[in-house]
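target-v8.cif (mmCIF, C-alpha atoms and all ligand atoms) appears below.
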```
data_upload
loop_
_atom_site.group_PDB
_atom_site.id
_atom_site.type_symbol
_atom_site.label_atom_id
_atom_site.label_comp_id
_atom_site.auth_asym_id
_atom_site.auth_seq_id
_atom_site.Cartn_x
_atom_site.Cartn_y
_atom_site.Cartn_z
ATOM 1 C CA MET A 1 1.811 19.188 -43.707
ATOM 2 C CA LYS A 2 -0.152 19.807 -46.913
ATOM 3 C CA ILE A 3 -3.179 22.033 -46.830
ATOM 4 C CA GLU A 4 -5.891 22.354 -49.456
ATOM 5 C CA ILE A 5 -6.154 25.907 -50.766
ATOM 6 C CA PRO A 6 -9.551 26.777 -52.260
ATOM 7 C CA PRO A 7 -9.160 28.403 -55.727
ATOM 8 C CA SER A 8 -11.573 31.115 -54.575
ATOM 9 C CA HIS A 9 -9.013 32.366 -52.042
ATOM 10 C CA PRO A 10 -7.915 35.901 -53.056
ATOM 11 C CA ARG A 11 -4.251 34.947 -52.654
ATOM 12 C CA TYR A 12 -4.679 31.525 -54.277
ATOM 13 C CA LYS A 13 -1.752 31.739 -56.723
ATOM 14 C CA SER A 14 0.525 33.291 -54.167
ATOM 15 C CA LEU A 15 -0.284 30.527 -51.684
ATOM 16 C CA LEU A 16 0.415 27.852 -54.301
ATOM 17 C CA ILE A 17 3.844 29.403 -54.850
ATOM 18 C CA ARG A 18 4.442 29.227 -51.102
ATOM 19 C CA GLU A 19 3.497 25.557 -51.121
ATOM 20 C CA LYS A 20 6.060 24.917 -53.872
ATOM 21 C CA LEU A 21 8.750 26.592 -51.798
ATOM 22 C CA VAL A 22 7.809 24.667 -48.670
ATOM 23 C CA GLU A 23 8.015 21.429 -50.692
ATOM 24 C CA GLY A 24 11.448 22.563 -51.908
ATOM 25 C CA PHE A 25 12.432 23.257 -48.322
ATOM 26 C CA GLU A 26 11.316 19.790 -47.221
ATOM 27 C CA LYS A 27 13.349 18.230 -50.053
ATOM 28 C CA GLY A 28 16.431 20.148 -48.914
ATOM 29 C CA LEU A 29 16.601 22.354 -52.028
ATOM 30 C CA VAL A 30 15.604 25.587 -50.276
ATOM 31 C CA VAL A 31 17.155 27.043 -47.090
ATOM 32 C CA PRO A 32 15.051 28.793 -44.392
ATOM 33 C CA GLN A 33 16.526 32.117 -45.506
ATOM 34 C CA GLY A 34 15.064 31.423 -48.954
ATOM 35 C CA LEU A 35 11.585 31.320 -47.470
ATOM 36 C CA ILE A 36 12.146 34.771 -46.004
ATOM 37 C CA ALA A 37 13.508 36.111 -49.299
ATOM 38 C CA GLN A 38 10.273 34.957 -50.944
ATOM 39 C CA GLY A 39 8.342 37.044 -48.409
ATOM 40 C CA ARG A 40 10.205 40.190 -49.431
ATOM 41 C CA GLY A 41 9.427 39.429 -53.061
ATOM 42 C CA GLU A 42 5.745 38.759 -52.349
ATOM 43 C CA ALA A 43 5.313 42.192 -50.811
ATOM 44 C CA PHE A 44 6.399 43.780 -54.097
ATOM 45 C CA ASP A 45 4.307 41.342 -56.114
ATOM 46 C CA TYR A 46 1.324 42.533 -54.071
ATOM 47 C CA LEU A 47 2.138 46.106 -55.086
ATOM 48 C CA ILE A 48 2.319 45.316 -58.809
ATOM 49 C CA GLY A 49 -0.936 43.351 -58.623
ATOM 50 C CA GLU A 50 0.639 39.901 -59.196
ATOM 51 C CA LYS A 51 0.653 40.404 -62.975
ATOM 52 C CA THR A 52 3.370 40.835 -65.593
ATOM 53 C CA GLU A 53 3.169 44.545 -66.384
ATOM 54 C CA SER A 54 4.438 46.361 -69.483
ATOM 55 C CA PHE A 55 7.772 47.332 -67.869
ATOM 56 C CA ALA A 56 8.450 43.622 -67.259
ATOM 57 C CA VAL A 57 7.393 42.645 -70.792
ATOM 58 C CA LYS A 58 9.815 45.221 -72.253
ATOM 59 C CA ALA A 59 12.625 43.969 -70.004
ATOM 60 C CA ILE A 60 11.859 40.355 -70.919
ATOM 61 C CA GLU A 61 12.036 41.224 -74.635
ATOM 62 C CA ALA A 62 15.374 42.943 -74.095
ATOM 63 C CA ALA A 63 16.587 39.948 -72.063
ATOM 64 C CA ALA A 64 15.601 37.586 -74.883
ATOM 65 C CA ALA A 65 17.458 39.792 -77.369
ATOM 66 C CA LEU A 66 20.579 39.967 -75.200
ATOM 67 C CA LEU A 67 20.614 36.201 -74.630
ATOM 68 C CA LEU A 68 20.345 35.663 -78.396
ATOM 69 C CA LEU A 69 23.190 38.085 -79.096
ATOM 70 C CA SER A 70 25.478 36.756 -76.356
ATOM 71 C CA GLU A 71 28.281 34.365 -77.173
ATOM 72 C CA LYS A 72 28.326 32.602 -73.843
ATOM 73 C CA PRO A 73 25.215 33.158 -71.774
ATOM 74 C CA VAL A 74 24.660 31.227 -68.537
ATOM 75 C CA ILE A 75 21.577 30.903 -66.333
ATOM 76 C CA SER A 76 22.468 31.004 -62.632
ATOM 77 C CA VAL A 77 20.173 28.820 -60.546
ATOM 78 C CA ASN A 78 19.710 28.723 -56.771
ATOM 79 C CA GLY A 79 17.443 26.796 -54.415
ATOM 80 C CA ASN A 80 14.392 29.065 -54.687
ATOM 81 C CA ALA A 81 14.632 29.186 -58.478
ATOM 82 C CA THR A 82 14.863 25.391 -58.599
ATOM 83 C CA ALA A 83 11.832 24.942 -56.355
ATOM 84 C CA LEU A 84 9.723 27.569 -58.117
ATOM 85 C CA VAL A 85 10.662 27.171 -61.788
ATOM 86 C CA GLY A 86 12.980 24.152 -61.986
ATOM 87 C CA GLU A 87 10.955 22.559 -64.773
ATOM 88 C CA GLU A 88 10.615 25.757 -66.784
ATOM 89 C CA LEU A 89 14.340 26.511 -66.458
ATOM 90 C CA VAL A 90 15.315 23.026 -67.623
ATOM 91 C CA ASP A 91 12.877 23.333 -70.493
ATOM 92 C CA PHE A 92 14.305 26.716 -71.559
ATOM 93 C CA SER A 93 17.912 25.613 -71.115
ATOM 94 C CA ASN A 94 17.469 22.400 -73.094
ATOM 95 C CA ALA A 95 15.652 24.148 -75.923
ATOM 96 C CA SER A 96 18.061 27.127 -76.131
ATOM 97 C CA ARG A 97 21.249 25.247 -75.124
ATOM 98 C CA ILE A 98 21.982 27.987 -72.612
ATOM 99 C CA PRO A 99 23.607 26.144 -69.698
ATOM 100 C CA LEU A 100 22.326 26.264 -66.153
ATOM 101 C CA GLU A 101 24.791 26.725 -63.302
ATOM 102 C CA ILE A 102 24.030 25.937 -59.680
ATOM 103 C CA ASN A 103 25.248 28.906 -57.697
ATOM 104 C CA LEU A 104 24.249 29.108 -54.053
ATOM 105 C CA PHE A 105 24.490 31.818 -51.436
ATOM 106 C CA TYR A 106 24.327 29.184 -48.679
ATOM 107 C CA ARG A 107 26.486 26.604 -50.400
ATOM 108 C CA THR A 108 27.020 23.120 -49.046
ATOM 109 C CA GLU A 109 28.035 20.170 -51.210
ATOM 110 C CA GLU A 110 25.007 18.295 -49.937
ATOM 111 C CA ARG A 111 22.583 20.955 -51.144
ATOM 112 C CA VAL A 112 24.415 21.377 -54.460
ATOM 113 C CA ASN A 113 24.075 17.631 -55.017
ATOM 114 C CA LYS A 114 20.381 17.652 -54.158
ATOM 115 C CA ILE A 115 19.676 20.492 -56.568
ATOM 116 C CA ARG A 116 21.858 18.829 -59.231
ATOM 117 C CA ASP A 117 20.018 15.507 -58.872
ATOM 118 C CA TYR A 118 16.655 17.263 -58.984
ATOM 119 C CA LEU A 119 17.542 19.196 -62.174
ATOM 120 C CA LEU A 120 19.047 16.103 -63.803
ATOM 121 C CA GLU A 121 15.882 14.169 -63.002
ATOM 122 C CA LEU A 122 13.932 16.906 -64.746
ATOM 123 C CA GLY A 123 16.125 16.206 -67.779
ATOM 124 C CA ALA A 124 18.671 19.057 -67.656
ATOM 125 C CA LYS A 125 21.201 18.538 -70.471
ATOM 126 C CA TYR A 126 23.448 21.536 -69.934
ATOM 127 C CA LEU A 127 24.279 21.898 -66.270
ATOM 128 C CA TYR A 128 27.328 23.090 -64.319
ATOM 129 C CA TRP A 129 27.495 22.370 -60.624
ATOM 130 C CA GLN A 130 31.212 22.043 -59.893
ATOM 131 C CA ALA A 131 32.614 25.299 -58.583
ATOM 132 C CA ASP A 132 36.234 25.150 -59.734
ATOM 133 C CA GLY A 133 36.660 28.901 -60.175
ATOM 134 C CA VAL A 134 36.630 32.005 -58.039
ATOM 135 C CA LEU A 135 34.771 35.233 -58.719
ATOM 136 C CA PRO A 136 37.175 38.016 -57.693
ATOM 137 C CA GLY A 137 36.002 40.639 -55.231
ATOM 138 C CA LEU A 138 33.728 38.439 -53.136
ATOM 139 C CA GLU A 139 34.057 36.798 -49.735
ATOM 140 C CA SER A 140 33.320 33.203 -48.760
ATOM 141 C CA ASN A 141 31.203 30.689 -50.671
ATOM 142 C CA ARG A 142 29.446 33.272 -52.757
ATOM 143 C CA ARG A 143 32.533 33.594 -54.956
ATOM 144 C CA LEU A 144 32.641 29.926 -56.029
ATOM 145 C CA VAL A 145 31.658 29.454 -59.675
ATOM 146 C CA ALA A 146 32.315 27.144 -62.613
ATOM 147 C CA THR A 147 35.268 28.217 -64.766
ATOM 148 C CA ARG A 148 33.528 27.105 -67.944
ATOM 149 C CA GLY A 149 30.222 28.545 -66.724
ATOM 150 C CA ILE A 150 29.704 31.892 -65.007
ATOM 151 C CA LEU A 151 33.411 32.767 -64.843
ATOM 152 C CA SER A 152 33.789 32.758 -68.628
ATOM 153 C CA ALA A 153 30.242 33.875 -69.470
ATOM 154 C CA ASP A 154 29.548 37.183 -71.186
ATOM 155 C CA THR A 155 25.945 37.327 -69.956
ATOM 156 C CA VAL A 156 24.487 35.885 -66.758
ATOM 157 C CA LEU A 157 20.783 35.565 -66.036
ATOM 158 C CA VAL A 158 20.196 35.677 -62.278
ATOM 159 C CA MET A 159 17.068 35.443 -60.153
ATOM 160 C CA LEU A 160 16.576 36.037 -56.441
ATOM 161 C CA GLU A 161 20.213 37.075 -56.440
ATOM 162 C CA ASP A 162 22.140 38.937 -53.782
ATOM 163 C CA GLY A 163 23.380 42.411 -54.628
ATOM 164 C CA ASP A 164 27.029 41.741 -53.765
ATOM 165 C CA ARG A 165 27.294 39.030 -56.356
ATOM 166 C CA THR A 166 25.465 41.003 -59.019
ATOM 167 C CA GLU A 167 27.835 43.913 -58.449
ATOM 168 C CA ALA A 168 30.842 41.561 -58.631
ATOM 169 C CA LEU A 169 29.597 40.174 -61.957
ATOM 170 C CA ARG A 170 29.190 43.692 -63.324
ATOM 171 C CA ARG A 171 32.691 44.677 -62.157
ATOM 172 C CA LEU A 172 34.015 41.768 -64.199
ATOM 173 C CA GLY A 173 32.366 43.319 -67.242
ATOM 174 C CA LYS A 174 29.589 40.761 -67.571
ATOM 175 C CA ASN A 175 26.080 41.624 -68.685
ATOM 176 C CA VAL A 176 23.598 40.803 -65.964
ATOM 177 C CA ILE A 177 19.916 40.131 -66.527
ATOM 178 C CA ALA A 178 18.041 39.974 -63.217
ATOM 179 C CA VAL A 179 14.556 38.792 -62.353
ATOM 180 C CA ASP A 180 13.760 40.583 -59.103
ATOM 181 C CA LEU A 181 10.416 41.745 -57.734
ATOM 182 C CA ASN A 182 12.082 44.518 -55.772
ATOM 183 C CA PRO A 183 13.074 47.319 -58.178
ATOM 184 C CA LEU A 184 15.090 48.946 -55.390
ATOM 185 C CA SER A 185 17.339 45.995 -54.528
ATOM 186 C CA ARG A 186 21.030 46.361 -55.270
ATOM 187 C CA THR A 187 20.676 43.559 -57.807
ATOM 188 C CA SER A 188 17.908 45.426 -59.648
ATOM 189 C CA LEU A 189 19.896 48.649 -59.663
ATOM 190 C CA ALA A 190 23.172 47.009 -60.730
ATOM 191 C CA ALA A 191 21.791 44.773 -63.499
ATOM 192 C CA ASN A 192 21.851 45.765 -67.178
ATOM 193 C CA ILE A 193 18.330 44.443 -67.606
ATOM 194 C CA THR A 194 15.957 44.264 -64.637
ATOM 195 C CA ILE A 195 12.813 42.182 -64.973
ATOM 196 C CA VAL A 196 10.521 43.334 -62.160
ATOM 197 C CA ASP A 197 8.280 40.288 -62.072
ATOM 198 C CA ASN A 198 7.795 37.004 -60.274
ATOM 199 C CA VAL A 199 10.062 34.247 -61.629
ATOM 200 C CA VAL A 200 7.041 31.981 -62.013
ATOM 201 C CA ARG A 201 5.595 34.359 -64.613
ATOM 202 C CA ALA A 202 8.830 35.754 -66.083
ATOM 203 C CA VAL A 203 10.667 32.545 -66.980
ATOM 204 C CA PRO A 204 7.973 31.002 -69.236
ATOM 205 C CA LEU A 205 7.474 34.361 -70.965
ATOM 206 C CA LEU A 206 11.224 34.741 -71.469
ATOM 207 C CA LYS A 207 11.338 31.362 -73.188
ATOM 208 C CA GLN A 208 8.439 32.352 -75.452
ATOM 209 C CA LYS A 209 9.994 35.716 -76.398
ATOM 210 C CA TYR A 210 13.414 34.113 -76.934
ATOM 211 C CA PHE A 211 12.080 31.675 -79.512
ATOM 212 C CA GLU A 212 9.880 34.284 -81.205
ATOM 213 C CA LEU A 213 12.874 36.571 -81.560
ATOM 214 C CA SER A 214 15.202 33.749 -82.658
ATOM 215 C CA LYS A 215 13.152 33.430 -85.859
ATOM 216 C CA ARG A 216 13.704 37.075 -86.724
ATOM 217 C CA PRO A 217 16.887 38.703 -88.121
ATOM 218 C CA ARG A 218 19.640 39.491 -85.562
ATOM 219 C CA GLU A 219 19.208 43.166 -86.437
ATOM 220 C CA VAL A 220 15.850 43.125 -84.643
ATOM 221 C CA SER A 221 17.518 41.961 -81.426
ATOM 222 C CA LYS A 222 20.287 44.537 -81.855
ATOM 223 C CA GLN A 223 17.715 47.281 -82.293
ATOM 224 C CA ILE A 224 15.862 46.207 -79.123
ATOM 225 C CA ILE A 225 19.103 46.358 -77.126
ATOM 226 C CA THR A 226 20.094 49.743 -78.555
ATOM 227 C CA GLU A 227 16.753 51.247 -77.605
ATOM 228 C CA TYR A 228 16.521 49.621 -74.177
ATOM 229 C CA ASP A 229 16.944 51.882 -71.126
ATOM 230 C CA ASN A 230 17.024 50.031 -67.813
ATOM 231 C CA ARG A 231 16.796 53.154 -65.622
ATOM 232 C CA ARG A 232 13.579 54.032 -67.422
ATOM 233 C CA ILE A 233 12.185 50.528 -66.923
ATOM 234 C CA ILE A 234 12.959 50.577 -63.190
ATOM 235 C CA SER A 235 11.373 54.022 -62.940
ATOM 236 C CA GLU A 236 8.275 52.776 -64.773
ATOM 237 C CA SER A 237 7.921 49.924 -62.285
ATOM 238 C CA LEU A 238 8.174 52.330 -59.343
ATOM 239 C CA ASP A 239 5.751 54.753 -60.990
ATOM 240 C CA TYR A 240 3.316 51.914 -61.532
ATOM 241 C CA MET A 241 3.494 50.860 -57.890
ATOM 242 C CA SER A 242 2.988 54.386 -56.614
ATOM 243 C CA LYS A 243 0.099 54.995 -59.034
ATOM 244 C CA ARG A 244 -1.537 51.809 -57.862
ATOM 245 C CA LEU A 245 -1.072 52.779 -54.235
ATOM 246 C CA ARG A 246 -2.680 56.171 -54.908
ATOM 247 C CA GLU A 247 -5.632 54.448 -56.575
ATOM 248 C CA LEU A 248 -6.020 52.116 -53.630
ATOM 249 C CA VAL A 249 -5.946 55.083 -51.266
ATOM 250 C CA GLY A 250 -8.619 56.776 -53.396
ATOM 251 C CA ASN A 251 -10.832 53.671 -53.323
ATOM 252 C CA LEU A 252 -10.453 53.364 -49.606
ATOM 253 C CA LEU A 253 -11.413 56.980 -48.988
ATOM 254 C CA THR A 254 -14.473 56.903 -51.251
ATOM 255 C CA GLN A 255 -15.684 53.693 -49.608
ATOM 256 C CA ASN A 256 -15.488 55.330 -46.198
ATOM 257 C CA THR A 257 -17.455 58.455 -47.049
HETATM 258 P P1 LIG B 301 20.049 42.919 -52.684
HETATM 259 O O1 LIG B 301 21.059 42.058 -52.015
HETATM 260 O O2 LIG B 301 20.034 42.793 -54.188
HETATM 261 O O3 LIG B 301 20.043 44.356 -52.238
HETATM 262 P P2 LIG B 301 18.091 41.971 -50.817
HETATM 263 O O4 LIG B 301 19.229 41.803 -49.860
HETATM 264 O O5 LIG B 301 17.003 42.928 -50.472
HETATM 265 O O6 LIG B 301 18.605 42.333 -52.273
HETATM 266 P P3 LIG B 301 18.111 39.155 -51.290
HETATM 267 O O7 LIG B 301 17.542 38.210 -50.293
HETATM 268 O O8 LIG B 301 19.593 39.327 -51.362
HETATM 269 O O9 LIG B 301 17.396 40.563 -51.073
HETATM 270 O O10 LIG B 301 17.622 38.774 -52.753
HETATM 271 C C1 LIG B 301 16.404 38.196 -53.025
HETATM 272 C C2 LIG B 301 15.604 39.084 -53.971
HETATM 273 O O11 LIG B 301 14.665 38.264 -54.649
HETATM 274 C C3 LIG B 301 14.768 40.160 -53.253
HETATM 275 O O12 LIG B 301 14.985 41.402 -53.872
HETATM 276 C C4 LIG B 301 13.318 39.718 -53.451
HETATM 277 O O13 LIG B 301 12.459 40.833 -53.640
HETATM 278 C C5 LIG B 301 13.393 38.905 -54.719
HETATM 279 N N1 LIG B 301 12.374 37.838 -54.843
HETATM 280 C C6 LIG B 301 11.890 37.037 -53.880
HETATM 281 N N2 LIG B 301 11.006 36.143 -54.364
HETATM 282 C C7 LIG B 301 10.936 36.362 -55.697
HETATM 283 C C8 LIG B 301 10.209 35.747 -56.752
HETATM 284 N N3 LIG B 301 9.388 34.721 -56.552
HETATM 285 N N4 LIG B 301 10.381 36.245 -58.005
HETATM 286 C C9 LIG B 301 11.230 37.283 -58.231
HETATM 287 N N5 LIG B 301 11.943 37.898 -57.267
HETATM 288 C C10 LIG B 301 11.810 37.458 -56.015
HETATM 289 MG MG MG B 302 20.940 40.732 -50.346
#
```
As structure tokens, the full file:
Amino acid sequence: MKIEIPPSHPRYKSLLIREKLVEGFEKGLVVPQGLIAQGRGEAFDYLIGEKTESFAVKAIEAAAALLLLSEKPVISVNGNATALVGEELVDFSNASRIPLEINLFYRTEERVNKIRDYLLELGAKYLYWQADGVLPGLESNRRLVATRGILSADTVLVMLEDGDRTEALRRLGKNVIAVDLNPLSRTSLAANITIVDNVVRAVPLLKQKYFELSKRPREVSKQIITEYDNRRIISESLDYMSKRLRELVGNLLTQNT
């Protein structure tokens, strides 16, 4: 069922994102668990004010630099990412020639094929979907990856990723860039670069920063990476959330007196 959301609704954008996910669910791209994962993300988005804050901008710049410096970067795509930013990911991948790889937590061939067909329809030129390799140190379907994709990548961009897999990628010595609204998730804490932002805002900005930086000397990217400190960025995001909560408490108390 489709509902009309009035643009004046205070959660307008957030509700539109939900609609996109529900559409993805109806098309068979998203699993029910993906809808719940979105809910956990939304709670953190609420706390950061549903805007890309400076800690996310700095992480996105570092991510752009790392992708430019990497020899074999890969963008890992799941059902939620496809439903929320499928077009933007295809656009970025085609323009940068960084391949996409379909990598699902709840993997069935049927769902892989649906996501593949959807991304191909959007025009994806560089796409891995066949999982002919195994990521060591993981159980079940989560370990299945493409040998020429994630398995041989030096840098993997993940979004809405599970902590186990992020940790497995790090153990294999890969650089991990994560987009995750929860700065406390295992993925956020294990990644080399943690972008605490909603994928719908982060992915278009990452593309923009990537192409801005690609026109500048490689030394600029190297400098950004040398100076980048992920622990500090995660701390800044937590500080921002707690500051905002304190402000909200203050507002509430003054209103009541
Ligand atoms: P972890 O396994 O890393 O400890 P988790 O078990 O808490 O995390 P998962 O369901 O495994 O959560 O991963 C999904 C992650 O994606 C969550 O941290 C959630 O906050 C985040 N998330 C959900 N929706 C979005 C979104 N639209 N943009 C960015 N991040 C999101
Ligand atoms: Mg998890």
I'd like to know which of A:Ile36, A:Leu47, A:Ala168, A:Leu127 is closest to Ile115 of chain A, using all atoms listed in the file.
A:Leu127
Residue list as a count of residues only for point (14.0, 26.8, -57.2), cut-off 12 Å, all atoms listed in the file
45
Please identify all polymer residues within 12 Å of Leu67 of chain A, counting all atoms listed in the file, omitting same-chain residues fewer than 6 positions from it, and present them as a ChimeraX atom specification.
/A:60-61,73-75,92-93,96-99,153-157,175-177,193,206-207,209-211,213-214,218,221-222,224-225
Just C-alpha atoms for this one: save the residues we selected as a PDB file, in the frame of the given file.
```pdb
ATOM      1  CA  ILE A  60      11.859  40.355 -70.919  1.00  0.00           C
ATOM      2  CA  GLU A  61      12.036  41.224 -74.635  1.00  0.00           C
ATOM      3  CA  PRO A  73      25.215  33.158 -71.774  1.00  0.00           C
ATOM      4  CA  VAL A  74      24.660  31.227 -68.537  1.00  0.00           C
ATOM      5  CA  ILE A  75      21.577  30.903 -66.333  1.00  0.00           C
ATOM      6  CA  PHE A  92      14.305  26.716 -71.559  1.00  0.00           C
ATOM      7  CA  SER A  93      17.912  25.613 -71.115  1.00  0.00           C
ATOM      8  CA  SER A  96      18.061  27.127 -76.131  1.00  0.00           C
ATOM      9  CA  ARG A  97      21.249  25.247 -75.124  1.00  0.00           C
ATOM     10  CA  ILE A  98      21.982  27.987 -72.612  1.00  0.00           C
ATOM     11  CA  PRO A  99      23.607  26.144 -69.698  1.00  0.00           C
ATOM     12  CA  ALA A 153      30.242  33.875 -69.470  1.00  0.00           C
ATOM     13  CA  ASP A 154      29.548  37.183 -71.186  1.00  0.00           C
ATOM     14  CA  THR A 155      25.945  37.327 -69.956  1.00  0.00           C
ATOM     15  CA  VAL A 156      24.487  35.885 -66.758  1.00  0.00           C
ATOM     16  CA  LEU A 157      20.783  35.565 -66.036  1.00  0.00           C
ATOM     17  CA  ASN A 175      26.080  41.624 -68.685  1.00  0.00           C
ATOM     18  CA  VAL A 176      23.598  40.803 -65.964  1.00  0.00           C
ATOM     19  CA  ILE A 177      19.916  40.131 -66.527  1.00  0.00           C
ATOM     20  CA  ILE A 193      18.330  44.443 -67.606  1.00  0.00           C
ATOM     21  CA  LEU A 206      11.224  34.741 -71.469  1.00  0.00           C
ATOM     22  CA  LYS A 207      11.338  31.362 -73.188  1.00  0.00           C
ATOM     23  CA  LYS A 209       9.994  35.716 -76.398  1.00  0.00           C
ATOM     24  CA  TYR A 210      13.414  34.113 -76.934  1.00  0.00           C
ATOM     25  CA  PHE A 211      12.080  31.675 -79.512  1.00  0.00           C
ATOM     26  CA  LEU A 213      12.874  36.571 -81.560  1.00  0.00           C
ATOM     27  CA  SER A 214      15.202  33.749 -82.658  1.00  0.00           C
ATOM     28  CA  ARG A 218      19.640  39.491 -85.562  1.00  0.00           C
ATOM     29  CA  SER A 221      17.518  41.961 -81.426  1.00  0.00           C
ATOM     30  CA  LYS A 222      20.287  44.537 -81.855  1.00  0.00           C
ATOM     31  CA  ILE A 224      15.862  46.207 -79.123  1.00  0.00           C
ATOM     32  CA  ILE A 225      19.103  46.358 -77.126  1.00  0.00           C
TER      33      ILE A 225
END
```
What residues have any atom no more than 6 Å from ligand LIG 301 (chain B) when counting all atoms listed in the file, and can you list them as a ChimeraX atom specification?
/A:37-38,40-41,160-163,179-182,185-187,197-199
Nearest to ligand MG 302 (chain B) among A:Thr166, A:Ser140, A:Asn192, A:Thr226, with distances taken over only C-alpha atoms and all ligand atoms: which residue is it?
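Once distances to ligand MG 302 (chain B) are computed over only C-alpha atoms and all ligand atoms, the minimum belongs to A:Thr166.
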Would you compute the distance between atom CA of Arg107 of chain A and atom CA of Leu15 of chain A? Give it in Å to one decimal.
27.1 Å
When distances are computed from only C-alpha atoms and all ligand atoms, which of A:Asp45, A:Asp117, A:Asp132, A:Glu167 shows the smallest separation from ligand MG 302 (chain B)?
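Closest to ligand MG 302 (chain B) of all the choices is A:Glu167.
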Please, what distance in Å, to one decimal, runs between atom CA of Lys58 of chain A and atom CA of Gln208 of chain A?
13.3 Å
Expressed in Å to a single decimal, how great is the separation between atom CA of Ser152 of chain A and atom CA of Gly137 of chain A?
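So the two atoms, atom CA of Ser152 of chain A and atom CA of Gly137 of chain A, lie 15.7 Å apart.
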Output of the PyMOL selection byres (((chain A and resi 147) around 8) and not hetatm), listed as number ranges by chain
A: 131-134, 145-146, 148-152
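Using all atoms listed in the file, the nearest neighbour of ligand MG 302 (chain B) within the list A:Arg201, A:Ile234, A:Asp164, A:Arg171 is A:Asp164.
Near Gln223 of chain A, within 12 Å and counting all atoms listed in the file, sit Glu61, Ala62, Ala65, Leu66, Leu69, Leu213, Arg216, Pro217, Arg218, Glu219, Glu227 and Tyr228 of chain A, not including residues fewer than 4 positions from it in the same chain.
With distances restricted to all atoms listed in the file, A:Leu68 is the closest residue to Glu212 of chain A from A:Gly173, A:Thr194, A:Tyr12, A:Leu68.
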Looking at all atoms listed in the file, which of A:Glu53, A:Asp91, A:Glu26, A:Glu19 is the one that sits closest to Ile195 of chain A?
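Using all atoms listed in the file, Ile195 of chain A sits closest to A:Glu53.
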Please write out, as JSON, where the centre of an axis-aligned box around all listed atoms of segment 52-59 of chain A lies and how long its edges are, in Å to one decimal, after adding 8 Å on each side.
```
{"center_x": 7.9, "center_y": 44.1, "center_z": -68.9, "size_x": 25.5, "size_y": 22.5, "size_z": 22.7}
```
